[in-house]
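First comes the structure, then the notes that go with it.
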Amino acid sequence: MRSAGSENSLGLGTTSMLAAVAGAGATRYDVNNIPVGAKIQVSDGAVWNKVYLAPQKSVVVVRKILSQSIPPATPTTIINWSEVRDMNNSFDPSTGEFTAPETELIPFC
């Protein structure tokens, strides 16, 4: 069942039905599988398979478009960036500010 309006939510229920009986493509919210804990599963027509949900990652590729003087021992905001790629709009090229979508380890290259 899908929500009304622009909420974009989908309700999933629980079931003890065998995957073969539910049929391929059936989806359930499994709260009884210990010790793993609650998870979403999809039937392939024979067994229930755990759905893997990858966390959203930040990918930003930018280039410096103008030279800028940076005085020694002085905090300086680096500005004038050109975005090549920004998968989730997490970088503001006018200010040089990056905002992570969630807590994560951020490698800078």
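Identifiers in the structure tokens: chain A, B, ... in order shown; residue index from 1 per chain; ligand index from 1 in order shown.
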
Please report as a Markdown table every residue of stretch 37-79 of chain A lying within 9 Å of stretch 91-100 of chain A, along with the nearest atom pair and their distance in Å (one decimal), using only C-alpha atoms.
| residue | atom | partner | partner_atom | distance |
| --- | --- | --- | --- | --- |
| A:Lys57 | CA | A:Ala100 | CA | 8.8 |
| A:Ser58 | CA | A:Ala100 | CA | 6.9 |
| A:Val60 | CA | A:Phe91 | CA | 7.1 |
| A:Val62 | CA | A:Pro93 | CA | 8.0 |
| A:Thr77 | CA | A:Gly96 | CA | 7.1 |
| A:Ile78 | CA | A:Gly96 | CA | 6.1 |
| A:Ile79 | CA | A:Gly96 | CA | 5.4 |

Run DSSP on the backbone and give me the residues of stretch 7-78 of chain A it puts in alpha helix (DSSP H), as an mmCIF file with N, CA and C atoms, in the first residue's frame.
data_model
loop_
_atom_site.group_PDB
_atom_site.id
_atom_site.type_symbol
_atom_site.label_atom_id
_atom_site.label_comp_id
_atom_site.auth_asym_id
_atom_site.auth_seq_id
_atom_site.Cartn_x
_atom_site.Cartn_y
_atom_site.Cartn_z
ATOM 1 N N ALA A 19 8.127 -18.886 1.381
ATOM 2 C CA ALA A 19 8.444 -18.109 0.186
ATOM 3 C C ALA A 19 7.820 -18.722 -1.059
ATOM 4 N N ALA A 20 7.783 -20.052 -1.142
ATOM 5 C CA ALA A 20 7.207 -20.728 -2.309
ATOM 6 C C ALA A 20 5.700 -20.475 -2.399
ATOM 7 N N VAL A 21 5.032 -20.383 -1.259
ATOM 8 C CA VAL A 21 3.597 -20.116 -1.244
ATOM 9 C C VAL A 21 3.335 -18.648 -1.575
ATOM 10 N N ALA A 22 4.149 -17.754 -1.043
ATOM 11 C CA ALA A 22 3.990 -16.316 -1.294
ATOM 12 C C ALA A 22 4.257 -15.990 -2.758
#

Taking only chain A into account, list the residues labelled strand (DSSP E) by DSSP (computed from the backbone), as a ChimeraX atom specification. /A:27-30,39-43,48-50,60-64,81-86,91-92,97-98

Would you list the contacts of A:Tyr52 as JSON, numbers by chain, taking every protein, DNA or RNA residue within 12 Å and counting only C-alpha atoms, but skipping same-chain residues closer than 6 positions in sequence? {"A": [39, 40, 41, 42]}

Grab the residues selected above and save them as a compact mmCIF listing (two decimals), in the first residue's frame with N, CA, C and O atoms.
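This went into again-v1.txt:
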# COMPACT_ATOMS: atom_id res chain seq x y z
N LYS A 39 14.32 -7.21 9.34
CA LYS A 39 14.86 -6.91 8.01
C LYS A 39 13.77 -7.05 6.96
O LYS A 39 12.74 -7.67 7.20
N ILE A 40 14.01 -6.48 5.80
CA ILE A 40 13.10 -6.62 4.66
C ILE A 40 13.60 -7.79 3.82
O ILE A 40 14.80 -7.93 3.57
N GLN A 41 12.65 -8.64 3.39
CA GLN A 41 13.00 -9.80 2.57
C GLN A 41 12.12 -9.87 1.33
O GLN A 41 10.97 -9.42 1.35
N VAL A 42 12.66 -10.47 0.25
CA VAL A 42 11.92 -10.66 -0.99
C VAL A 42 12.01 -12.13 -1.36
O VAL A 42 13.07 -12.74 -1.27

Write out as a Markdown table the residues of stretch 28-70 of chain A that have any atom within 9 Å of an atom of stretch 13-16 of chain A, one row each with the nearest atom pair and its distance in Å to one decimal, counting only C-alpha atoms, sorted by chain and then rising number.
| residue | atom | partner | partner_atom | distance |
| --- | --- | --- | --- | --- |
| A:Arg28 | CA | A:Thr14 | CA | 5.5 |
| A:Tyr29 | CA | A:Thr14 | CA | 5.0 |
| A:Asp30 | CA | A:Thr14 | CA | 5.8 |
| A:Val31 | CA | A:Thr14 | CA | 7.3 |

Write out, as a tab-separated table (two decimals), in the first residue's frame, the residues just selected, with C-alpha atoms.
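The result, stored in again_36.tsv:
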chain	number	residue	atom	x	y	z
A	28	ARG	CA	7.79	-8.97	3.77
A	29	TYR	CA	9.10	-7.33	6.91
A	30	ASP	CA	10.65	-10.12	8.99
A	31	VAL	CA	10.76	-9.30	12.71

Please, what distance in Å, to one decimal, runs between atom CA of A:Ala26 and atom CA of A:Gln56? 25.2 Å

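Minimum atom-to-atom distance to A:Met17, evaluated using only C-alpha atoms, belongs to A:Ser43 out of A:Thr74, A:Ser43, A:Asn89, A:Ser82.
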
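Here the question is which of A:Val59, A:Thr76, A:Ala54, A:Asn32 gets nearest to A:Asn88 using only C-alpha atoms, and that residue is A:Val59.
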
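You will find atom CA of A:Gly37 at 21.7 Å from atom CA of A:Gly25.
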
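Straight-line separation from atom CA of A:Arg85 to atom CA of A:Val61: 4.9 Å.
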